[in-house]
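Dropping run_21.cif in here (mmCIF, C-alpha atoms and all ligand atoms):
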data_final
#
loop_
_atom_site.group_PDB
_atom_site.id
_atom_site.type_symbol
_atom_site.label_atom_id
_atom_site.label_comp_id
_atom_site.auth_asym_id
_atom_site.auth_seq_id
_atom_site.Cartn_x
_atom_site.Cartn_y
_atom_site.Cartn_z
ATOM 1 C CA MET A 1 -59.992 -29.930 32.681
ATOM 2 C CA VAL A 2 -56.856 -29.681 30.517
ATOM 3 C CA THR A 3 -53.480 -30.410 32.098
ATOM 4 C CA ARG A 4 -50.821 -28.020 30.911
ATOM 5 C CA ILE A 5 -47.354 -29.600 30.977
ATOM 6 C CA PRO A 6 -44.965 -27.054 32.477
ATOM 7 C CA LEU A 7 -42.290 -25.754 30.121
ATOM 8 C CA ILE A 8 -38.899 -24.588 31.339
ATOM 9 C CA ALA A 9 -37.266 -22.794 28.413
ATOM 10 C CA GLY A 10 -33.707 -21.492 28.247
ATOM 11 C CA ASN A 11 -33.057 -18.531 25.957
ATOM 12 C CA TRP A 12 -29.314 -18.372 25.449
ATOM 13 C CA LYS A 13 -29.547 -15.030 23.593
ATOM 14 C CA LEU A 14 -26.246 -14.026 21.910
ATOM 15 C CA ASN A 15 -24.114 -16.524 23.831
ATOM 16 C CA GLN A 16 -22.379 -19.845 23.080
ATOM 17 C CA ASP A 17 -20.712 -20.768 19.793
ATOM 18 C CA HIS A 18 -21.537 -24.197 18.389
ATOM 19 C CA LEU A 19 -18.776 -25.972 20.322
ATOM 20 C CA GLN A 20 -19.840 -24.365 23.586
ATOM 21 C CA ALA A 21 -23.440 -25.253 22.716
ATOM 22 C CA ILE A 22 -22.548 -28.943 22.421
ATOM 23 C CA ALA A 23 -20.827 -28.877 25.814
ATOM 24 C CA LEU A 24 -23.734 -27.053 27.463
ATOM 25 C CA VAL A 25 -26.411 -29.354 26.046
ATOM 26 C CA GLN A 26 -24.417 -32.438 27.079
ATOM 27 C CA LYS A 27 -23.942 -31.135 30.595
ATOM 28 C CA LEU A 28 -27.597 -30.156 30.889
ATOM 29 C CA ALA A 29 -28.868 -33.506 29.591
ATOM 30 C CA TRP A 30 -26.558 -35.478 31.883
ATOM 31 C CA THR A 31 -27.479 -33.360 34.910
ATOM 32 C CA LEU A 32 -31.169 -33.904 34.174
ATOM 33 C CA GLN A 33 -30.568 -37.644 33.679
ATOM 34 C CA ASP A 34 -28.664 -37.886 36.976
ATOM 35 C CA GLY A 35 -31.606 -36.217 38.688
ATOM 36 C CA LYS A 36 -33.959 -38.681 36.911
ATOM 37 C CA HIS A 37 -35.807 -35.796 35.343
ATOM 38 C CA ASP A 38 -39.253 -36.785 34.068
ATOM 39 C CA HIS A 39 -39.451 -34.999 30.710
ATOM 40 C CA ALA A 40 -43.074 -36.024 30.272
ATOM 41 C CA ALA A 41 -43.949 -34.175 33.482
ATOM 42 C CA VAL A 42 -41.821 -31.051 32.960
ATOM 43 C CA GLU A 43 -40.674 -30.194 29.459
ATOM 44 C CA VAL A 44 -37.236 -28.621 29.107
ATOM 45 C CA ALA A 45 -36.232 -26.705 25.977
ATOM 46 C CA VAL A 46 -33.199 -24.681 24.920
ATOM 47 C CA PHE A 47 -33.056 -21.796 22.452
ATOM 48 C CA PRO A 48 -29.496 -21.482 21.088
ATOM 49 C CA PRO A 49 -28.344 -18.988 18.446
ATOM 50 C CA PHE A 50 -29.136 -19.996 14.834
ATOM 51 C CA THR A 51 -25.552 -21.068 14.181
ATOM 52 C CA ASP A 52 -25.774 -23.711 16.936
ATOM 53 C CA LEU A 53 -29.034 -25.326 15.889
ATOM 54 C CA ARG A 54 -27.560 -27.959 13.572
ATOM 55 C CA SER A 55 -25.047 -29.098 16.219
ATOM 56 C CA VAL A 56 -27.707 -29.172 18.926
ATOM 57 C CA GLN A 57 -30.074 -31.131 16.677
ATOM 58 C CA THR A 58 -27.387 -33.685 15.791
ATOM 59 C CA LEU A 59 -26.353 -34.171 19.415
ATOM 60 C CA ILE A 60 -29.891 -34.479 20.783
ATOM 61 C CA SER A 61 -30.876 -36.902 18.066
ATOM 62 C CA ALA A 62 -27.692 -39.026 18.303
ATOM 63 C CA GLU A 63 -27.818 -39.272 22.100
ATOM 64 C CA ARG A 64 -31.625 -39.541 22.210
ATOM 65 C CA PHE A 65 -31.790 -36.766 24.760
ATOM 66 C CA GLU A 66 -35.351 -35.790 25.587
ATOM 67 C CA LEU A 67 -34.571 -32.103 25.498
ATOM 68 C CA ARG A 68 -36.525 -29.975 23.043
ATOM 69 C CA PHE A 69 -35.066 -26.991 21.244
ATOM 70 C CA GLY A 70 -36.082 -23.969 19.271
ATOM 71 C CA ALA A 71 -34.880 -20.779 17.606
ATOM 72 C CA GLN A 72 -34.726 -17.305 19.120
ATOM 73 C CA ASP A 73 -36.490 -15.717 16.151
ATOM 74 C CA VAL A 74 -37.983 -16.599 12.763
ATOM 75 C CA SER A 75 -38.599 -14.692 9.574
ATOM 76 C CA GLU A 76 -42.090 -13.625 8.584
ATOM 77 C CA HIS A 77 -40.999 -14.389 4.987
ATOM 78 C CA GLU A 78 -40.908 -17.829 3.421
ATOM 79 C CA SER A 79 -38.140 -17.399 0.826
ATOM 80 C CA GLY A 80 -36.619 -14.961 -1.640
ATOM 81 C CA ALA A 81 -34.767 -11.669 -1.423
ATOM 82 C CA HIS A 82 -34.620 -11.206 2.351
ATOM 83 C CA THR A 83 -30.936 -11.105 3.256
ATOM 84 C CA GLY A 84 -30.115 -12.391 6.710
ATOM 85 C CA GLU A 85 -33.506 -13.963 7.341
ATOM 86 C CA VAL A 86 -34.115 -17.580 8.410
ATOM 87 C CA SER A 87 -37.449 -19.109 7.450
ATOM 88 C CA ALA A 88 -39.754 -21.244 9.551
ATOM 89 C CA ALA A 89 -39.475 -24.063 6.997
ATOM 90 C CA MET A 90 -35.680 -24.063 7.452
ATOM 91 C CA LEU A 91 -36.135 -24.296 11.223
ATOM 92 C CA ALA A 92 -38.691 -27.071 10.850
ATOM 93 C CA LYS A 93 -36.185 -29.021 8.777
ATOM 94 C CA LEU A 94 -33.762 -28.751 11.712
ATOM 95 C CA GLU A 95 -36.491 -30.227 13.943
ATOM 96 C CA CYS A 96 -37.023 -27.057 15.942
ATOM 97 C CA SER A 97 -40.139 -27.455 18.055
ATOM 98 C CA TYR A 98 -40.381 -23.777 18.937
ATOM 99 C CA ALA A 99 -39.470 -20.275 17.794
ATOM 100 C CA ILE A 100 -39.425 -17.277 20.104
ATOM 101 C CA VAL A 101 -41.109 -14.240 18.552
ATOM 102 C CA GLY A 102 -41.364 -10.687 19.847
ATOM 103 C CA HIS A 103 -38.733 -10.856 22.563
ATOM 104 C CA SER A 104 -38.408 -7.335 23.973
ATOM 105 C CA GLU A 105 -34.755 -7.233 22.918
ATOM 106 C CA ARG A 106 -35.812 -7.731 19.297
ATOM 107 C CA ARG A 107 -38.657 -5.257 19.668
ATOM 108 C CA GLN A 108 -36.078 -2.707 20.928
ATOM 109 C CA ASP A 109 -33.090 -3.533 18.725
ATOM 110 C CA HIS A 110 -35.014 -4.177 15.498
ATOM 111 C CA ALA A 111 -38.142 -2.064 15.960
ATOM 112 C CA GLU A 112 -40.396 -5.108 15.733
ATOM 113 C CA THR A 113 -44.050 -4.170 16.036
ATOM 114 C CA ASP A 114 -46.901 -6.394 17.200
ATOM 115 C CA ALA A 115 -47.968 -6.805 13.565
ATOM 116 C CA ILE A 116 -44.504 -8.076 12.597
ATOM 117 C CA VAL A 117 -44.431 -10.345 15.649
ATOM 118 C CA GLY A 118 -47.861 -11.673 14.684
ATOM 119 C CA ARG A 119 -46.733 -12.398 11.128
ATOM 120 C CA LYS A 120 -43.650 -14.215 12.461
ATOM 121 C CA ALA A 121 -45.855 -16.291 14.766
ATOM 122 C CA ALA A 122 -48.148 -17.086 11.827
ATOM 123 C CA ALA A 123 -45.148 -18.147 9.716
ATOM 124 C CA ALA A 124 -44.005 -20.471 12.508
ATOM 125 C CA LEU A 125 -47.459 -22.036 12.772
ATOM 126 C CA ARG A 126 -47.601 -22.626 9.016
ATOM 127 C CA ALA A 127 -44.374 -24.655 9.302
ATOM 128 C CA GLY A 128 -45.614 -26.673 12.285
ATOM 129 C CA ILE A 129 -43.481 -24.773 14.801
ATOM 130 C CA VAL A 130 -44.964 -23.527 18.064
ATOM 131 C CA PRO A 131 -44.344 -19.790 18.442
ATOM 132 C CA VAL A 132 -43.359 -18.564 21.906
ATOM 133 C CA ILE A 133 -44.938 -15.112 21.816
ATOM 134 C CA CYS A 134 -43.234 -12.661 24.171
ATOM 135 C CA VAL A 135 -45.042 -9.686 25.655
ATOM 136 C CA GLY A 136 -44.241 -7.384 28.545
ATOM 137 C CA GLU A 137 -44.290 -3.853 29.848
ATOM 138 C CA THR A 138 -41.407 -1.447 30.438
ATOM 139 C CA ALA A 139 -40.889 0.296 33.761
ATOM 140 C CA GLU A 140 -42.539 3.423 32.265
ATOM 141 C CA ASP A 141 -45.538 1.385 31.064
ATOM 142 C CA LEU A 142 -45.838 -0.092 34.534
ATOM 143 C CA GLU A 143 -45.859 3.339 36.126
ATOM 144 C CA GLN A 144 -48.310 4.847 33.638
ATOM 145 C CA HIS A 145 -50.686 1.973 32.876
ATOM 146 C CA GLY A 146 -50.147 -0.725 35.511
ATOM 147 C CA ALA A 147 -48.760 -4.164 34.755
ATOM 148 C CA SER A 148 -51.391 -5.807 32.559
ATOM 149 C CA ALA A 149 -52.531 -3.182 30.045
ATOM 150 C CA VAL A 150 -49.524 -3.168 27.694
ATOM 151 C CA PRO A 151 -48.831 -6.938 27.580
ATOM 152 C CA VAL A 152 -52.540 -7.670 27.081
ATOM 153 C CA GLN A 153 -52.770 -5.186 24.201
ATOM 154 C CA GLN A 154 -49.569 -6.579 22.638
ATOM 155 C CA LEU A 155 -51.002 -10.087 22.807
ATOM 156 C CA ARG A 156 -54.350 -9.022 21.322
ATOM 157 C CA ASP A 157 -52.527 -7.368 18.417
ATOM 158 C CA VAL A 158 -50.353 -10.429 17.813
ATOM 159 C CA LEU A 159 -53.308 -12.830 18.010
ATOM 160 C CA ALA A 160 -55.131 -10.734 15.414
ATOM 161 C CA GLU A 161 -52.530 -11.888 12.848
ATOM 162 C CA LEU A 162 -52.891 -15.593 13.674
ATOM 163 C CA PRO A 163 -55.172 -18.311 12.378
ATOM 164 C CA ASP A 164 -57.673 -19.518 15.008
ATOM 165 C CA ALA A 165 -56.075 -22.936 15.363
ATOM 166 C CA GLY A 166 -52.553 -24.062 16.251
ATOM 167 C CA GLU A 167 -50.637 -24.345 19.494
ATOM 168 C CA ILE A 168 -48.992 -21.232 20.839
ATOM 169 C CA VAL A 169 -47.005 -20.482 23.993
ATOM 170 C CA VAL A 170 -47.106 -17.017 25.548
ATOM 171 C CA ALA A 171 -44.236 -15.620 27.617
ATOM 172 C CA TYR A 172 -44.884 -12.707 29.961
ATOM 173 C CA GLU A 173 -41.590 -10.906 30.412
ATOM 174 C CA PRO A 174 -41.690 -7.542 32.170
ATOM 175 C CA VAL A 175 -38.864 -5.618 30.497
ATOM 176 C CA TRP A 176 -37.779 -4.136 33.839
ATOM 177 C CA ALA A 177 -37.227 -7.641 35.241
ATOM 178 C CA ILE A 178 -35.073 -8.968 32.390
ATOM 179 C CA GLY A 179 -31.440 -9.347 33.387
ATOM 180 C CA SER A 180 -31.948 -6.951 36.304
ATOM 181 C CA GLY A 181 -31.893 -9.464 39.132
ATOM 182 C CA GLN A 182 -35.221 -7.954 40.173
ATOM 183 C CA ALA A 183 -37.887 -10.497 39.256
ATOM 184 C CA ALA A 184 -41.590 -9.723 39.457
ATOM 185 C CA THR A 185 -43.280 -11.181 42.495
ATOM 186 C CA ALA A 186 -45.203 -14.404 41.969
ATOM 187 C CA GLU A 187 -48.418 -12.460 42.634
ATOM 188 C CA GLN A 188 -47.577 -9.842 39.987
ATOM 189 C CA ALA A 189 -46.783 -12.597 37.466
ATOM 190 C CA GLN A 190 -50.037 -14.400 38.264
ATOM 191 C CA GLN A 191 -52.095 -11.231 37.857
ATOM 192 C CA VAL A 192 -50.712 -10.536 34.381
ATOM 193 C CA CYS A 193 -50.729 -14.189 33.262
ATOM 194 C CA GLN A 194 -54.385 -14.423 34.290
ATOM 195 C CA ALA A 195 -55.172 -11.316 32.227
ATOM 196 C CA LEU A 196 -53.254 -12.791 29.271
ATOM 197 C CA ARG A 197 -55.254 -16.002 29.534
ATOM 198 C CA ALA A 198 -58.455 -13.955 29.427
ATOM 199 C CA ALA A 199 -57.158 -12.220 26.263
ATOM 200 C CA ILE A 200 -56.486 -15.625 24.679
ATOM 201 C CA ALA A 201 -60.040 -16.678 25.569
ATOM 202 C CA GLU A 202 -61.400 -13.546 23.849
ATOM 203 C CA GLY A 203 -59.317 -14.128 20.727
ATOM 204 C CA ARG A 204 -59.200 -17.897 20.381
ATOM 205 C CA GLY A 205 -61.912 -19.261 22.677
ATOM 206 C CA ALA A 206 -62.055 -20.633 26.211
ATOM 207 C CA GLU A 207 -60.772 -24.079 25.301
ATOM 208 C CA ALA A 208 -57.636 -22.721 23.640
ATOM 209 C CA ALA A 209 -57.050 -20.387 26.583
ATOM 210 C CA GLU A 210 -57.264 -23.314 28.992
ATOM 211 C CA ALA A 211 -54.769 -25.319 26.910
ATOM 212 C CA THR A 212 -52.229 -22.526 26.243
ATOM 213 C CA ARG A 213 -49.091 -22.465 28.339
ATOM 214 C CA ILE A 214 -48.130 -19.062 29.694
ATOM 215 C CA LEU A 215 -44.573 -18.622 30.947
ATOM 216 C CA TYR A 216 -43.065 -15.997 33.187
ATOM 217 C CA GLY A 217 -39.614 -14.596 32.317
ATOM 218 C CA GLY A 218 -37.343 -12.072 34.003
ATOM 219 C CA SER A 219 -34.555 -12.914 36.482
ATOM 220 C CA VAL A 220 -35.820 -16.450 37.120
ATOM 221 C CA LYS A 221 -33.468 -18.587 39.198
ATOM 222 C CA SER A 222 -33.627 -21.850 41.136
ATOM 223 C CA GLY A 223 -34.292 -19.761 44.243
ATOM 224 C CA ASN A 224 -37.493 -18.115 42.982
ATOM 225 C CA ILE A 225 -38.971 -20.578 40.449
ATOM 226 C CA ALA A 226 -41.069 -22.468 43.003
ATOM 227 C CA GLY A 227 -43.036 -19.341 43.910
ATOM 228 C CA PHE A 228 -43.942 -18.687 40.268
ATOM 229 C CA MET A 229 -44.900 -22.310 39.642
ATOM 230 C CA ARG A 230 -47.325 -22.301 42.569
ATOM 231 C CA GLU A 231 -49.464 -19.756 40.700
ATOM 232 C CA PRO A 232 -52.384 -21.233 38.734
ATOM 233 C CA ASP A 233 -51.801 -19.275 35.509
ATOM 234 C CA VAL A 234 -48.008 -19.592 35.354
ATOM 235 C CA ASP A 235 -47.089 -22.715 33.390
ATOM 236 C CA GLY A 236 -43.331 -22.409 33.234
ATOM 237 C CA ALA A 237 -40.481 -19.985 32.720
ATOM 238 C CA LEU A 238 -38.469 -18.384 29.950
ATOM 239 C CA VAL A 239 -35.022 -18.172 31.496
ATOM 240 C CA GLY A 240 -32.156 -16.044 30.166
ATOM 241 C CA GLY A 241 -28.910 -15.738 32.146
ATOM 242 C CA ALA A 242 -29.521 -18.712 34.428
ATOM 243 C CA SER A 243 -30.004 -21.036 31.439
ATOM 244 C CA LEU A 244 -26.296 -20.715 30.570
ATOM 245 C CA ASP A 245 -25.374 -22.634 33.716
ATOM 246 C CA ALA A 246 -26.383 -26.291 33.270
ATOM 247 C CA ALA A 247 -26.602 -27.061 36.994
ATOM 248 C CA GLU A 248 -28.654 -23.944 37.742
ATOM 249 C CA PHE A 249 -30.974 -24.467 34.776
ATOM 250 C CA ALA A 250 -31.486 -28.120 35.736
ATOM 251 C CA ALA A 251 -32.298 -26.962 39.277
ATOM 252 C CA ILE A 252 -34.933 -24.612 37.819
ATOM 253 C CA ALA A 253 -36.407 -27.546 35.866
ATOM 254 C CA ARG A 254 -36.560 -29.485 39.160
ATOM 255 C CA PHE A 255 -38.849 -26.812 40.622
ATOM 256 C CA ARG A 256 -41.174 -29.492 41.979
ATOM 257 C CA SER A 257 -38.548 -30.422 44.540
ATOM 258 C CA HIS A 258 -38.614 -26.799 45.782
ATOM 259 C CA VAL A 259 -42.425 -26.310 45.741
ATOM 260 C CA GLY A 260 -43.568 -26.196 49.319
ATOM 261 C CA THR A 261 -40.141 -25.069 50.512
HETATM 262 O O1 LIG B 301 -35.773 -14.656 27.450
HETATM 263 C C1 LIG B 301 -35.425 -14.560 28.622
HETATM 264 C C2 LIG B 301 -35.592 -13.340 29.357
HETATM 265 O O2 LIG B 301 -35.254 -12.219 28.631
HETATM 266 C C3 LIG B 301 -35.138 -13.367 30.765
HETATM 267 O O3 LIG B 301 -33.767 -13.115 30.895
HETATM 268 P P1 LIG B 301 -33.096 -13.215 32.352
HETATM 269 O O4 LIG B 301 -33.515 -14.549 32.927
HETATM 270 O O5 LIG B 301 -31.640 -13.129 32.106
HETATM 271 O O6 LIG B 301 -33.663 -12.094 33.161
#

Would you write out, as structure tokens, the structure that this file holds?
Amino acid sequence: MVTRIPLIAGNWKLNQDHLQAIALVQKLAWTLQDGKHDHAAVEVAVFPPFTDLRSVQTLISAERFELRFGAQDVSEHESGAHTGEVSAAMLAKLECSYAIVGHSERRQDHAETDAIVGRKAAAALRAGIVPVICVGETAEDLEQHGASAVPVQQLRDVLAELPDAGEIVVAYEPVWAIGSGQAATAEQAQQVCQALRAAIAEGRGAEAAEATRILYGGSVKSGNIAGFMREPDVDGALVGGASLDAAEFAAIARFRSHVGT
């Protein structure tokens, strides 16, 4: 049986300039160190804006912090006449481990389709970056189709664009739970994450499905993380607002001290 190392990921969205990013990463790393955080047991990663990545890389490398980091998006293109785009190779050069693709805010703001998201994920994989593939249903989808149908179809469509091999992370983020303060219940998250794992098994085989980490995202806080992490198919969290507070985000990463409470 494969052990999936939990991943607690902080998506800063459009927050923190590069000076604020340095302060936040320092505070987070020191808080985790004070709490003797075992990074081998629970991985912690931050996703700053593009403009912060160089500063975050330099700090993490100079201080030998065990934090990982990634980008909030990546281009499907590799180079050339694509103004405003940032390629996976550029992110790899900055030592990004991950790139988020298909966040619902990008799907909404930039009309990103599953095919585009799939091509972005494929570009990340080609550069040795693990794509964090976001899927999730809106409140209307939930009412009309139930919780699983839309995220499962989104994931199938994204996986269709990917090579069979290469590590991926999937993040289930119900759109209605993002930034609303109204998280899904642990049972709802488990039900959808289980269905997503079955979709990965269909597309990439049972072994890959067993090894793939599936995160829950949407109003995660230190007060509700333990419930999610008790579920067998939830392997971590993609945290938005609460990741901007170092103490709160570190408390989320310490979910093991709340499990059973
Ligand atoms: O990527 C993170 C999600 O959109 C969740 O955001 P939130 O924790 O602020 O609800």

Please provide the set of residues having any atom within 8 Å of Ala242 (chain A), restricted to only C-alpha atoms, with same-chain residues fewer than 5 positions apart removed, written as a count of residues only.
6

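For the file shown, the residue list from the PyMOL selection byres (((not hetatm)) within 7 of (chain B and resi 301)) reads Asn11, His103, Glu173, Ala177, Ile178, Gly179, Ser180, Gly181, Gly217, Gly218, Ser219, Val220, Leu238, Val239, Gly240, Gly241 and Ala242 of chain A.
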
**Q.** Result set of the PyMOL selection byres (((chain A and resi 162) around 9) and not hetatm) on the coordinates above, as a PyMOL selection string
**A.** chain A and resi 118-119+121-122+125+158-161+163-166

What do you get, as number ranges by chain, if you spell out every residue that the PyMOL selection byres (((chain A and resi 37) around 12) and not hetatm) selects here?
-> A: 28-36, 38-44, 65-67, 250-257

re CA of Gly136 (chain A) and CA of Arg156 (chain A): distance 12.5 Å

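Minimum atom-to-atom distances from A:Ala45, A:Ile129, A:Val86, A:Ala198 to Phe69 (chain A) were compared using only C-alpha atoms, and the lowest value belongs to A:Ala45.
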
Subject >> Cut-off 10 Å around (-48.5, -7.5, 37.9) with all atoms listed in the file: residues as a VMD selection string >> reply: chain A and resid 137 142 146 to 149 174 184 to 195

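Note that CA of Pro48 (chain A) and CA of Asn15 (chain A) are 7.8 Å apart.
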
Ala208 (chain A): which residues within 12 Å, counting all atoms listed in the file, same-chain residues fewer than 2 positions away excluded, as a PyMOL selection string?
chain A and resi 1-2+4+164-169+197-206+210-214

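Take CA of Lys93 (chain A) and CA of Gly70 (chain A): the distance between them is 11.6 Å.
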
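You can rank A:His77, A:Gly236, A:Pro131, A:Val117 by their closest distance to Tyr172 (chain A) using all atoms listed in the file, and at the top of that list sits A:Gly236.
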
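Between Pro232 (chain A) and the residues A:Glu63, A:Ala81, A:Cys134, A:Thr3, the shortest atom-to-atom distance, using all atoms listed in the file, involves A:Thr3.
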
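For the residues A:Ser55, A:Pro6, A:Ala92, A:Leu19, ranking by smallest atom-to-atom distance to Arg230 (chain A) using only C-alpha atoms places A:Pro6 first.
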
Test item: write region 52-68 of chain A with N, CA and C atoms as a PDB file, in the first residue's frame:
ATOM      1  N   ASP A  52       6.915  37.323  -6.799  1.00  0.00           N
ATOM      2  CA  ASP A  52       7.564  37.011  -5.523  1.00  0.00           C
ATOM      3  C   ASP A  52       8.457  35.777  -5.612  1.00  0.00           C
ATOM      4  N   LEU A  53       8.353  35.036  -6.703  1.00  0.00           N
ATOM      5  CA  LEU A  53       8.974  33.705  -6.713  1.00  0.00           C
ATOM      6  C   LEU A  53      10.488  33.760  -6.529  1.00  0.00           C
ATOM      7  N   ARG A  54      11.135  34.731  -7.179  1.00  0.00           N
ATOM      8  CA  ARG A  54      12.594  34.816  -7.083  1.00  0.00           C
ATOM      9  C   ARG A  54      13.020  35.093  -5.639  1.00  0.00           C
ATOM     10  N   SER A  55      12.305  36.005  -4.969  1.00  0.00           N
ATOM     11  CA  SER A  55      12.644  36.335  -3.575  1.00  0.00           C
ATOM     12  C   SER A  55      12.415  35.131  -2.668  1.00  0.00           C
ATOM     13  N   VAL A  56      11.312  34.444  -2.897  1.00  0.00           N
ATOM     14  CA  VAL A  56      10.975  33.278  -2.067  1.00  0.00           C
ATOM     15  C   VAL A  56      12.014  32.170  -2.281  1.00  0.00           C
ATOM     16  N   GLN A  57      12.388  31.973  -3.537  1.00  0.00           N
ATOM     17  CA  GLN A  57      13.406  30.953  -3.851  1.00  0.00           C
ATOM     18  C   GLN A  57      14.720  31.273  -3.150  1.00  0.00           C
ATOM     19  N   THR A  58      15.152  32.535  -3.252  1.00  0.00           N
ATOM     20  CA  THR A  58      16.435  32.943  -2.671  1.00  0.00           C
ATOM     21  C   THR A  58      16.425  32.754  -1.156  1.00  0.00           C
ATOM     22  N   LEU A  59      15.330  33.171  -0.531  1.00  0.00           N
ATOM     23  CA  LEU A  59      15.223  33.061   0.929  1.00  0.00           C
ATOM     24  C   LEU A  59      15.229  31.594   1.369  1.00  0.00           C
ATOM     25  N   ILE A  60      14.399  30.792   0.736  1.00  0.00           N
ATOM     26  CA  ILE A  60      14.281  29.378   1.134  1.00  0.00           C
ATOM     27  C   ILE A  60      15.617  28.669   0.951  1.00  0.00           C
ATOM     28  N   SER A  61      16.282  28.982  -0.159  1.00  0.00           N
ATOM     29  CA  SER A  61      17.549  28.317  -0.421  1.00  0.00           C
ATOM     30  C   SER A  61      18.636  28.812   0.538  1.00  0.00           C
ATOM     31  N   ALA A  62      18.688  30.127   0.792  1.00  0.00           N
ATOM     32  CA  ALA A  62      19.731  30.670   1.678  1.00  0.00           C
ATOM     33  C   ALA A  62      19.555  30.174   3.113  1.00  0.00           C
ATOM     34  N   GLU A  63      18.316  30.113   3.563  1.00  0.00           N
ATOM     35  CA  GLU A  63      18.053  29.730   4.962  1.00  0.00           C
ATOM     36  C   GLU A  63      17.858  28.221   5.119  1.00  0.00           C
ATOM     37  N   ARG A  64      17.910  27.519   4.006  1.00  0.00           N
ATOM     38  CA  ARG A  64      17.658  26.056   4.003  1.00  0.00           C
ATOM     39  C   ARG A  64      16.337  25.696   4.670  1.00  0.00           C
ATOM     40  N   PHE A  65      15.337  26.511   4.420  1.00  0.00           N
ATOM     41  CA  PHE A  65      13.998  26.168   4.911  1.00  0.00           C
ATOM     42  C   PHE A  65      13.504  24.961   4.127  1.00  0.00           C
ATOM     43  N   GLU A  66      12.699  24.129   4.786  1.00  0.00           N
ATOM     44  CA  GLU A  66      12.220  22.930   4.096  1.00  0.00           C
ATOM     45  C   GLU A  66      10.894  23.148   3.378  1.00  0.00           C
ATOM     46  N   LEU A  67      10.459  24.387   3.362  1.00  0.00           N
ATOM     47  CA  LEU A  67       9.220  24.708   2.663  1.00  0.00           C
ATOM     48  C   LEU A  67       9.381  24.475   1.166  1.00  0.00           C
ATOM     49  N   ARG A  68       8.315  24.033   0.524  1.00  0.00           N
ATOM     50  CA  ARG A  68       8.311  23.951  -0.939  1.00  0.00           C
ATOM     51  C   ARG A  68       7.506  25.142  -1.464  1.00  0.00           C
TER      52      ARG A  68
END
